[in-house]
>>> print(open('input_32.cif').read())   # mmCIF, C-alpha atoms
data_final
loop_
_atom_site.label_atom_id
_atom_site.label_comp_id
_atom_site.auth_asym_id
_atom_site.auth_seq_id
_atom_site.Cartn_x
_atom_site.Cartn_y
_atom_site.Cartn_z
CA MET A 1 -6.16 -20.46 0.39
CA ASN A 2 -4.53 -18.62 -2.49
CA PRO A 3 -6.50 -15.86 -4.13
CA SER A 4 -6.24 -16.21 -7.89
CA GLY A 5 -3.71 -13.94 -9.51
CA HIS A 6 -1.60 -13.58 -6.40
CA ASP A 7 1.22 -16.05 -6.25
CA HIS A 8 2.88 -14.84 -3.11
CA ASP A 9 5.62 -17.42 -3.37
CA ALA A 10 6.99 -15.84 -6.55
CA HIS A 11 10.03 -13.61 -6.38
CA ASP A 12 10.09 -10.47 -8.43
CA HIS A 13 13.62 -9.13 -8.63
CA SER A 14 13.33 -6.60 -11.43
CA HIS A 15 15.83 -3.87 -10.74
CA ASP A 16 15.50 -0.25 -11.70
CA HIS A 17 17.51 2.79 -10.72
CA GLY A 18 16.31 3.83 -7.30
CA ALA A 19 13.55 1.28 -7.28
CA HIS A 20 13.68 -2.36 -6.36
CA THR A 21 10.88 -4.86 -6.29
CA HIS A 22 11.00 -7.71 -3.90
CA GLY A 23 8.85 -10.67 -3.02
CA HIS A 24 7.97 -11.25 0.58
CA ASP A 25 9.96 -14.41 1.03
CA THR A 26 13.74 -14.79 1.34
CA HIS A 27 16.06 -11.84 0.95
CA ASP A 28 19.46 -13.42 0.36
CA THR A 29 19.07 -13.48 -3.40
CA HIS A 30 18.43 -9.75 -3.59
CA ASP A 31 21.64 -8.66 -5.27
CA HIS A 32 21.40 -5.05 -4.13
CA ASP A 33 21.89 -6.15 -0.54
CA HIS A 34 24.25 -9.03 -1.01
CA SER A 35 27.24 -7.33 0.59
CA HIS A 36 25.22 -6.33 3.60
CA ASP A 37 23.66 -9.73 4.09
CA HIS A 38 27.13 -11.27 4.26
CA ASP A 39 28.56 -8.72 6.64
CA HIS A 40 29.14 -10.86 9.71
CA SER A 41 30.27 -7.97 11.87
CA HIS A 42 26.63 -7.23 12.56
CA ASP A 43 24.39 -8.82 15.11
CA ALA A 44 22.85 -12.12 14.05
CA HIS A 45 19.42 -10.49 13.89
CA ASP A 46 20.63 -7.70 11.65
CA HIS A 47 19.02 -7.94 8.25
CA GLY A 48 18.93 -4.49 6.77
CA HIS A 49 17.85 -4.32 3.19
CA ALA A 50 16.34 -1.77 0.89
CA HIS A 51 13.54 -2.73 -1.39
CA ALA A 52 10.44 -1.35 -2.90
CA HIS A 53 7.00 -2.73 -2.47
CA SER A 54 5.63 -4.82 -5.31
CA HIS A 55 1.90 -5.01 -5.69
CA GLY A 56 2.15 -7.65 -8.38
CA HIS A 57 -0.86 -6.37 -10.29
CA SER A 58 -0.80 -6.90 -14.03
CA HIS A 59 -2.12 -3.36 -14.59
CA HIS A 60 -0.13 -0.70 -12.75
CA SER A 61 -1.94 2.45 -11.75
CA VAL A 62 0.02 5.61 -11.04
CA ALA A 63 -0.58 5.06 -7.32
CA GLU A 64 0.77 1.52 -7.55
CA GLU A 65 3.83 2.73 -9.45
CA ILE A 66 4.55 5.32 -6.77
CA VAL A 67 4.09 2.73 -4.05
CA GLU A 68 6.28 0.20 -5.86
CA SER A 69 9.18 2.64 -5.97
CA ALA A 70 9.05 3.28 -2.23
CA LEU A 71 12.14 3.03 -0.11
CA VAL A 72 11.54 0.33 2.50
CA LEU A 73 14.46 -0.30 4.80
CA SER A 74 14.17 -2.46 7.90
CA ARG A 75 16.80 -3.25 10.47
CA LYS A 76 16.94 -4.83 13.87
CA GLY A 77 20.15 -5.14 15.79
CA GLU A 78 22.05 -4.45 18.96
CA ILE A 79 23.83 -1.16 19.55
CA HIS A 80 26.77 -1.31 21.96
CA PHE A 81 27.54 1.99 23.62
CA GLY A 82 31.02 1.14 24.82
CA LYS A 83 30.21 2.05 28.40
CA PRO A 84 27.11 2.12 30.63
CA VAL A 85 25.06 5.26 30.07
CA PRO A 86 21.64 6.36 31.35
CA ALA A 87 18.88 5.08 29.08
CA GLU A 88 17.57 8.60 28.47
CA GLN A 89 20.97 9.70 27.18
CA ALA A 90 21.21 6.73 24.85
CA LEU A 91 17.65 7.29 23.69
CA ALA A 92 18.38 10.94 22.89
CA ARG A 93 21.25 9.88 20.69
CA ILE A 94 19.10 7.31 18.90
CA VAL A 95 16.32 9.83 18.36
CA ALA A 96 18.83 12.28 16.92
CA GLY A 97 20.13 9.61 14.58
CA ALA A 98 16.63 8.73 13.41
CA ALA A 99 15.88 12.44 12.90
CA ASP A 100 18.97 12.72 10.69
CA ILE A 101 17.56 9.94 8.53
CA ALA A 102 14.22 11.74 8.41
CA LYS A 103 15.92 14.92 7.20
CA LEU A 104 17.48 12.95 4.35
CA VAL A 105 14.15 11.77 2.97
CA ALA A 106 11.93 14.72 3.97
CA VAL A 107 10.37 17.20 1.55
CA ASP A 108 9.74 20.63 3.10
CA ASN A 109 10.32 19.03 6.47
CA ALA A 110 7.59 16.45 5.90
CA VAL A 111 8.51 12.80 5.70
CA LEU A 112 6.48 11.41 2.78
CA GLY A 113 6.51 8.11 4.56
CA HIS A 114 7.35 7.17 8.12
CA ILE A 115 10.36 6.48 10.26
CA LYS A 116 9.42 4.32 13.20
CA ALA A 117 11.57 2.59 15.71
CA LEU A 118 11.45 0.63 18.92
CA ALA A 119 14.41 0.86 21.29
CA GLU A 120 14.64 -1.76 24.02
CA PHE A 121 17.01 -1.16 26.91
CA GLY A 122 16.38 -4.34 28.86
CA GLY A 123 12.93 -3.85 30.37
CA ASN A 124 12.88 -0.19 29.29
CA LYS A 125 11.17 0.42 25.96
CA ALA A 126 10.75 3.56 23.91
CA SER A 127 9.00 4.01 20.57
CA ILE A 128 10.01 6.67 18.09
CA SER A 129 7.76 7.96 15.31
CA ILE A 130 8.83 10.60 12.81
CA THR A 131 6.57 12.11 10.16
CA ARG A 132 7.98 15.63 10.43
CA ALA A 133 11.77 15.79 10.40
CA ASP A 134 12.00 18.54 13.02
CA SER A 135 9.66 16.93 15.55
CA PRO A 136 10.29 13.28 16.34
CA GLU A 137 7.71 11.80 18.69
CA VAL A 138 8.79 9.54 21.51
CA ALA A 139 6.41 7.40 23.54
CA PHE A 140 6.92 4.85 26.28
CA PRO A 141 4.72 1.73 25.89
CA GLY A 142 5.30 0.69 29.47
CA ALA A 143 7.13 1.94 32.53
CA TRP A 144 10.24 3.97 31.69
CA ASP A 145 13.28 4.51 33.90
CA GLY A 146 15.45 6.99 32.03
CA GLY A 147 18.12 6.98 34.70
CA LYS A 148 18.76 3.27 34.51
CA GLU A 149 22.19 2.66 33.06
CA THR A 150 22.76 0.27 30.21
CA ASP A 151 25.64 -0.45 27.85
CA SER A 152 23.53 -1.62 24.93
CA CYS A 153 20.07 -1.65 23.44
CA VAL A 154 18.17 -3.53 20.76
CA LEU A 155 16.90 -1.19 18.09
CA SER A 156 14.23 -2.09 15.53
CA ILE A 157 13.75 0.53 12.85
CA ASN A 158 11.65 0.77 9.69
CA VAL A 159 12.38 3.55 7.21
CA LEU A 160 9.58 4.01 4.70
CA SER A 161 9.61 6.81 2.15
CA LEU A 162 7.99 7.65 -1.17
CA ALA A 163 10.37 10.57 -1.71
CA ASN A 164 14.14 10.79 -2.01
CA THR A 165 14.28 7.05 -2.37
CA ASP A 166 17.91 7.23 -3.53
CA ALA A 167 19.05 9.04 -0.38
CA PRO A 168 22.03 7.42 1.38
CA VAL A 169 19.87 6.14 4.22
CA ARG A 170 21.87 2.96 4.63
CA GLU A 171 25.00 4.94 5.52
CA LEU A 172 23.17 6.81 8.26
CA LEU A 173 21.70 3.58 9.56
CA GLU A 174 25.20 2.14 9.77
CA LYS A 175 26.25 5.18 11.76
CA LEU A 176 23.24 4.82 14.06
CA PHE A 177 23.95 1.18 14.79
CA SER A 178 27.61 2.00 15.42
CA ALA A 179 26.77 4.53 18.16
CA ASN A 180 29.61 4.62 20.65
CA PHE A 181 29.72 6.88 23.65
CA HIS A 182 33.49 7.03 23.70
CA SER A 183 33.48 9.10 20.51
CA MET B 184 -8.01 0.40 9.11
CA GLY B 185 -5.91 2.07 6.45
CA GLY B 186 -4.31 5.41 5.86
CA PHE B 187 -0.95 6.79 4.84
CA LEU B 188 2.30 5.94 6.61
CA GLY B 189 2.50 7.60 9.99
CA SER B 190 -1.09 8.84 9.94
CA GLY B 191 -1.69 7.48 13.44
CA LYS B 192 -3.40 4.16 12.76
CA THR B 193 -1.61 2.22 15.49
CA THR B 194 -2.29 4.83 18.16
CA ILE B 195 -5.95 4.97 17.20
CA ILE B 196 -6.26 1.19 17.17
CA LYS B 197 -4.78 0.94 20.66
CA GLN B 198 -7.35 3.37 21.99
CA LEU B 199 -10.19 1.78 20.03
CA ILE B 200 -9.39 -1.62 21.41
CA ARG B 201 -9.38 -0.31 24.97
CA GLY B 202 -12.80 1.22 24.36
CA LEU B 203 -14.11 -1.91 22.67
CA VAL B 204 -12.93 -4.20 25.46
CA ASN B 205 -14.32 -1.87 28.13
CA ASP B 206 -17.62 -2.16 26.29
CA GLY B 207 -17.53 -5.91 26.86
CA LYS B 208 -16.56 -6.91 23.33
CA THR B 209 -13.79 -9.29 22.29
CA CYS B 210 -11.23 -8.48 19.67
CA ALA B 211 -8.28 -9.84 17.74
CA VAL B 212 -5.79 -7.69 15.88
CA ILE B 213 -3.91 -8.40 12.68
CA GLU B 214 -0.94 -6.13 12.17
CA ASN B 215 0.38 -5.80 8.66
CA GLU B 216 3.90 -4.40 8.64
CA ILE B 217 5.43 -3.58 5.30
CA GLY B 218 8.92 -3.77 6.69
CA ASP B 219 10.35 -7.03 7.95
CA VAL B 220 10.82 -5.80 11.48
CA GLY B 221 7.83 -5.85 13.78
CA ILE B 222 7.17 -2.66 15.70
CA ASP B 223 3.44 -1.97 15.65
CA ASP B 224 2.59 -5.49 16.79
CA VAL B 225 4.85 -4.99 19.81
CA LEU B 226 3.22 -1.65 20.64
CA ILE B 227 -0.27 -3.12 20.48
CA GLY B 228 0.84 -6.28 22.24
CA GLU B 229 1.98 -4.10 25.15
CA ALA B 230 -1.71 -3.41 25.78
CA GLY B 231 -2.10 -7.09 26.69
CA LEU B 232 -3.57 -8.23 23.40
CA THR B 233 -2.69 -11.18 21.23
CA VAL B 234 -1.50 -9.84 17.90
CA THR B 235 -0.98 -11.74 14.67
CA PRO B 236 1.75 -9.98 12.70
CA LEU B 237 2.03 -10.23 8.93
CA PHE B 238 5.41 -9.01 7.73
CA GLY B 239 7.22 -8.22 4.61
CA GLY B 240 4.43 -7.26 2.27
CA CYS B 241 1.10 -5.62 1.86
CA VAL B 242 -2.14 -7.43 2.61
CA CYS B 243 -3.89 -5.75 -0.30
CA CYS B 244 -2.10 -8.03 -2.71
CA GLN B 245 1.30 -9.45 -1.82
CA ILE B 246 0.32 -11.55 1.17
CA THR B 247 -3.43 -11.64 0.71
CA GLY B 248 -3.49 -15.37 1.26
CA ASP B 249 -1.74 -14.98 4.59
CA LEU B 250 -4.28 -12.36 5.61
CA MET B 251 -7.30 -14.53 4.90
CA THR B 252 -5.62 -17.55 6.51
CA ALA B 253 -5.05 -15.48 9.63
CA VAL B 254 -8.61 -14.18 9.65
CA HIS B 255 -10.13 -17.63 9.27
CA ARG B 256 -7.82 -19.10 11.89
CA ILE B 257 -8.80 -16.35 14.31
CA GLN B 258 -12.46 -16.98 13.57
CA ASP B 259 -12.09 -20.70 14.17
CA GLU B 260 -9.93 -20.49 17.28
CA ILE B 261 -11.15 -17.38 19.05
CA SER B 262 -14.35 -16.28 17.33
CA PRO B 263 -14.01 -12.67 18.51
CA ASP B 264 -16.70 -10.05 18.12
CA TRP B 265 -14.30 -7.91 16.10
CA VAL B 266 -11.18 -8.49 14.05
CA VAL B 267 -9.20 -5.32 13.54
CA VAL B 268 -6.80 -5.32 10.61
CA GLU B 269 -4.24 -2.55 10.56
CA MET B 270 -3.17 -2.22 6.96
CA THR B 271 0.22 -0.93 5.93
CA GLY B 272 0.60 2.74 5.17
CA LEU B 273 0.90 1.89 1.49
CA ALA B 274 -2.16 -0.35 1.18
CA LEU B 275 -4.95 0.60 -1.19
CA MET B 276 -8.40 0.39 0.35
CA ASP B 277 -10.47 -1.08 -2.46
CA SER B 278 -8.20 -4.10 -2.80
CA ILE B 279 -8.78 -5.02 0.82
CA ARG B 280 -12.54 -4.72 0.53
CA ASP B 281 -12.49 -6.87 -2.62
CA THR B 282 -10.44 -9.52 -0.83
CA PHE B 283 -12.75 -9.78 2.13
CA GLU B 284 -15.86 -9.78 -0.01
CA GLU B 285 -14.44 -12.53 -2.19
CA TYR B 286 -12.83 -14.74 0.44
CA GLY B 287 -14.39 -13.74 3.73
CA GLY B 288 -17.35 -16.05 3.61
CA PRO B 289 -20.93 -15.51 4.73
CA GLY B 290 -21.53 -13.50 7.83
CA PHE B 291 -18.49 -11.28 7.29
CA LYS B 292 -19.31 -7.65 7.84
CA ILE B 293 -16.57 -5.30 6.72
CA HIS B 294 -16.12 -1.74 7.82
CA THR B 295 -13.29 0.21 6.24
CA VAL B 296 -11.76 3.14 8.04
CA SER B 297 -9.19 5.50 6.55
CA VAL B 298 -7.06 7.71 8.78
CA VAL B 299 -5.99 11.04 7.28
CA ASP B 300 -3.02 12.90 8.73
CA MET B 301 -4.00 16.55 8.75
CA SER B 302 -0.44 17.63 9.65
CA ARG B 303 0.66 16.57 6.15
CA TRP B 304 -2.54 17.53 4.34
CA ILE B 305 -0.73 19.84 1.93
CA HIS B 306 1.57 17.00 0.90
CA LEU B 307 -1.29 14.52 0.68
CA MET B 308 -2.99 16.90 -1.75
CA GLY B 309 0.23 17.51 -3.63
CA ALA B 310 2.92 14.94 -4.25
CA LEU B 311 0.93 12.10 -2.71
CA ALA B 312 -2.45 12.91 -4.23
CA VAL B 313 -2.83 9.73 -6.28
CA VAL B 314 -1.85 7.56 -3.33
CA PHE B 315 -4.19 9.49 -1.04
CA ASP B 316 -7.06 9.06 -3.49
CA ASN B 317 -6.64 5.28 -3.48
CA GLN B 318 -6.43 5.14 0.28
CA VAL B 319 -9.61 7.11 0.85
CA GLU B 320 -11.75 5.72 -1.95
CA GLY B 321 -13.73 2.78 -0.66
CA ALA B 322 -13.60 3.96 2.95
CA ASP B 323 -16.80 3.78 4.96
CA VAL B 324 -15.40 6.10 7.64
CA VAL B 325 -12.65 8.70 7.39
CA PHE B 326 -10.95 9.83 10.59
CA LEU B 327 -9.20 13.20 10.38
CA ASN B 328 -6.23 12.87 12.73
CA LYS B 329 -3.56 15.20 14.18
CA THR B 330 -6.04 18.05 13.98
CA ASP B 331 -4.19 19.77 16.83
CA VAL B 332 -1.38 20.44 14.33
CA ALA B 333 -3.58 21.39 11.38
CA ALA B 334 -7.32 21.80 11.69
CA PRO B 335 -9.52 20.80 8.77
CA VAL B 336 -11.19 23.53 6.78
CA PRO B 337 -14.46 23.27 4.82
CA GLU B 338 -12.46 22.42 1.71
CA THR B 339 -11.07 19.32 3.49
CA TYR B 340 -14.54 17.86 3.84
CA GLU B 341 -15.43 18.78 0.25
CA ILE B 342 -12.34 17.11 -1.17
CA ILE B 343 -12.71 13.95 0.87
CA GLY B 344 -16.42 13.86 0.12
CA GLN B 345 -15.64 13.90 -3.59
CA LYS B 346 -13.07 11.12 -3.32
CA ALA B 347 -15.11 8.96 -0.96
CA PRO B 348 -18.78 9.68 -1.57
CA GLY B 349 -20.88 8.21 1.18
CA ALA B 350 -18.01 8.05 3.67
CA VAL B 351 -18.71 9.46 7.10
CA ILE B 352 -16.00 11.96 8.02
CA SER B 353 -15.08 12.44 11.66
CA CYS B 354 -12.64 14.97 13.05
CA LEU B 355 -10.72 13.43 15.95
CA ASP B 356 -9.91 15.97 18.60
CA ALA B 357 -8.18 15.06 21.85
CA ALA B 358 -11.42 14.26 23.68
CA LYS B 359 -12.64 11.94 20.96
CA LYS B 360 -9.39 9.97 21.08
CA GLU B 361 -10.02 8.66 24.58
CA PRO B 362 -10.92 4.94 24.44
CA GLY B 363 -14.62 5.17 25.30
CA PRO B 364 -15.47 8.19 23.13
CA LEU B 365 -13.40 6.86 20.23
CA TRP B 366 -15.18 3.52 20.27
CA ALA B 367 -18.55 5.27 20.53
CA GLU B 368 -17.59 7.58 17.66
CA LEU B 369 -16.61 4.66 15.44
CA LEU B 370 -19.91 2.91 16.13
CA ARG B 371 -21.79 6.14 15.42
CA CYS B 372 -19.96 6.61 12.13
CA ILE B 373 -20.55 3.00 11.08
CA GLY B 374 -24.23 3.35 11.93
CA GLU B 375 -24.48 6.58 9.99
CA HIS B 376 -22.73 5.04 7.00
CA GLU B 377 -25.00 2.00 7.04
CA GLY B 378 -28.02 4.24 7.35
CA GLY B 379 -26.84 6.20 4.35
CA MET B 380 -26.29 3.05 2.31
CA LYS B 381 -29.86 1.91 2.90
CA LYS B 382 -31.34 5.12 1.46
#
>>> encode(input="input_32.cif", output="structure tokens")
Amino acid sequence: MNPSGHDHDAHDHSHDHGAHTHGHDTHDTHDHDHSHDHDHSHDAHDHGHAHAHSHGHSHHSVAEEIVESALVLSRKGEIHFGKPVPAEQALARIVAGAADIAKLVAVDNAVLGHIKALAEFGGNKASISITRADSPEVAFPGAWDGGKETDSCVLSINVLSLANTDAPVRELLEKLFSANFHS
Amino acid sequence: MGGFLGSGKTTIIKQLIRGLVNDGKTCAVIENEIGDVGIDDVLIGEAGLTVTPLFGGCVCCQITGDLMTAVHRIQDEISPDWVVVEMTGLALMDSIRDTFEEYGGPGFKIHTVSVVDMSRWIHLMGALAVVFDNQVEGADVVFLNKTDVAAPVPETYEIIGQKAPGAVISCLDAAKKEPGPLWAELLRCIGEHEGGMKK
């Protein structure tokens, strides 16, 4: 069923400074992220990209224009710590990294969007939610053993912001995914 | 259920579902994630529920077809008492209502809930005002969330009442966010809204 006026197979790649529109289908033709998509040093599941959210309406309200210029950056990949470390120590480092991203996009300490992440250390899972840059919230969806040592984790992170959409978030994400406990 | 990014929709839905299930009802959840990486569907799935994720776009317009396909499939295969749709934090409420009313079919009863993050109320009234307006307009119920950080004042109710006339506004304190009370509160608000509509 295809509601009239919404061709969700179309790709909208109009490109504006600080704002990118993107259809919901494939990402490899999005020229802003071409270099990243072909960076094979990353985990096979890594597909970070920055794009704005296109509503596709023929008449754009102010709200829709604000929404369409949003920074939307998603990434999922493995972080290798270089040595086994307790999960709680690794989590603290990840939370700090996510908070640094929040500070980049925040206005008066408030994230005009949301930074959310899920860190999986084997069977250990922790969710991170940041709407205020100085107070990240961490929750544990299931049982949590912070003392269990691990040398890697899988991190899924979505960075969504309506403010400071030109902030160098990608660089901080790179740093986060390169976390190494030897340094 | 809509509301700005990070307003607490997922947390509320998890509690609501627990309350709903404890009340003997069945439920399916559709999670709309604007990013391409699923997080909320995992968090809700941890509660033992089957979740249908919709990624990479907003159900209010980009992937509307996917939303209705998912809803109809759920109806046909599971026929739950309730289907809960968590919209993205950028979705605009009226578009969703229009979609369901146009494509939902007979027997569909839609209840729209908007979650308002009181901890960022100043920003919602400032830089995000136009977005906030579109996320509250068309809501049947408005949940005021994170009231432990910033309590609503009389002006809060006035402003929301102007933007969403007829909406039932409920302040969620810690007690009301327990599964049973939250589910009861939602049913009360829906009943009050429907009662108001009939007048």
>>> resolve_selection(input="input_32.cif", expression="the PyMOL selection byres ((chain B and resi 223) around 10)", output="PyMOL selection string")
(chain A and resi 116-118+127) or (chain B and resi 192-194+214-216+220-222+224-229+234+236+269)
>>> resolve_selection(input="input_32.cif", expression="the PyMOL selection byres ((chain A and resi 113) around 9)", output="number ranges by chain")
A: 70-71, 105-106, 110-112, 114-115, 130-131, 159-163; B: 187-189, 272-273
>>> closest_residue(input="input_32.cif", among="B:His376, B:Lys346, B:Lys329, B:Lys360", to="Gly191 in chain B", atoms="all atoms listed in the file")
B:Lys329
>>> closest_residue(input="input_32.cif", among="B:Met251, B:Ile257, B:Val299, B:Val332", to="chain A", atoms="all atoms listed in the file")
B:Met251
>>> atom_distance(input="input_32.cif", atom1="CA of Val268 in chain B", atom2="CA of Gly378 in chain B")
23.5 Å
>>> decode(input="input_32.cif", residues="range 261-289 of chain B", atoms="C-alpha atoms", output="PDB file, in the first residue's frame")
ATOM      1  CA  ILE B 261      -1.650 -11.392  15.818  1.00  0.00           C
ATOM      2  CA  SER B 262      -4.829  -9.342  16.148  1.00  0.00           C
ATOM      3  CA  PRO B 263      -3.717  -7.727  19.419  1.00  0.00           C
ATOM      4  CA  ASP B 264      -5.946  -5.606  21.614  1.00  0.00           C
ATOM      5  CA  TRP B 265      -3.525  -2.706  21.231  1.00  0.00           C
ATOM      6  CA  VAL B 266      -0.883  -1.653  18.751  1.00  0.00           C
ATOM      7  CA  VAL B 267       1.518   0.868  20.206  1.00  0.00           C
ATOM      8  CA  VAL B 268       3.441   2.964  17.711  1.00  0.00           C
ATOM      9  CA  GLU B 269       6.398   4.870  19.060  1.00  0.00           C
ATOM     10  CA  MET B 270       6.983   7.706  16.641  1.00  0.00           C
ATOM     11  CA  THR B 271      10.363   9.291  16.105  1.00  0.00           C
ATOM     12  CA  GLY B 272      11.247  12.355  18.100  1.00  0.00           C
ATOM     13  CA  LEU B 273      10.865  14.439  14.967  1.00  0.00           C
ATOM     14  CA  ALA B 274       7.456  13.176  13.861  1.00  0.00           C
ATOM     15  CA  LEU B 275       4.565  15.589  13.559  1.00  0.00           C
ATOM     16  CA  MET B 276       1.379  14.374  15.216  1.00  0.00           C
ATOM     17  CA  ASP B 277      -1.293  15.429  12.756  1.00  0.00           C
ATOM     18  CA  SER B 278       0.361  13.580   9.883  1.00  0.00           C
ATOM     19  CA  ILE B 279       0.151  10.321  11.792  1.00  0.00           C
ATOM     20  CA  ARG B 280      -3.505  10.790  12.645  1.00  0.00           C
ATOM     21  CA  ASP B 281      -4.277  11.603   9.002  1.00  0.00           C
ATOM     22  CA  THR B 282      -2.467   8.454   7.874  1.00  0.00           C
ATOM     23  CA  PHE B 283      -4.346   6.150  10.193  1.00  0.00           C
ATOM     24  CA  GLU B 284      -7.678   7.751   9.445  1.00  0.00           C
ATOM     25  CA  GLU B 285      -7.076   7.431   5.724  1.00  0.00           C
ATOM     26  CA  TYR B 286      -5.509   3.979   5.570  1.00  0.00           C
ATOM     27  CA  GLY B 287      -6.390   2.293   8.824  1.00  0.00           C
ATOM     28  CA  GLY B 288      -9.689   0.835   7.780  1.00  0.00           C
ATOM     29  CA  PRO B 289     -12.927   0.445   9.709  1.00  0.00           C
TER      30      PRO B 289
END
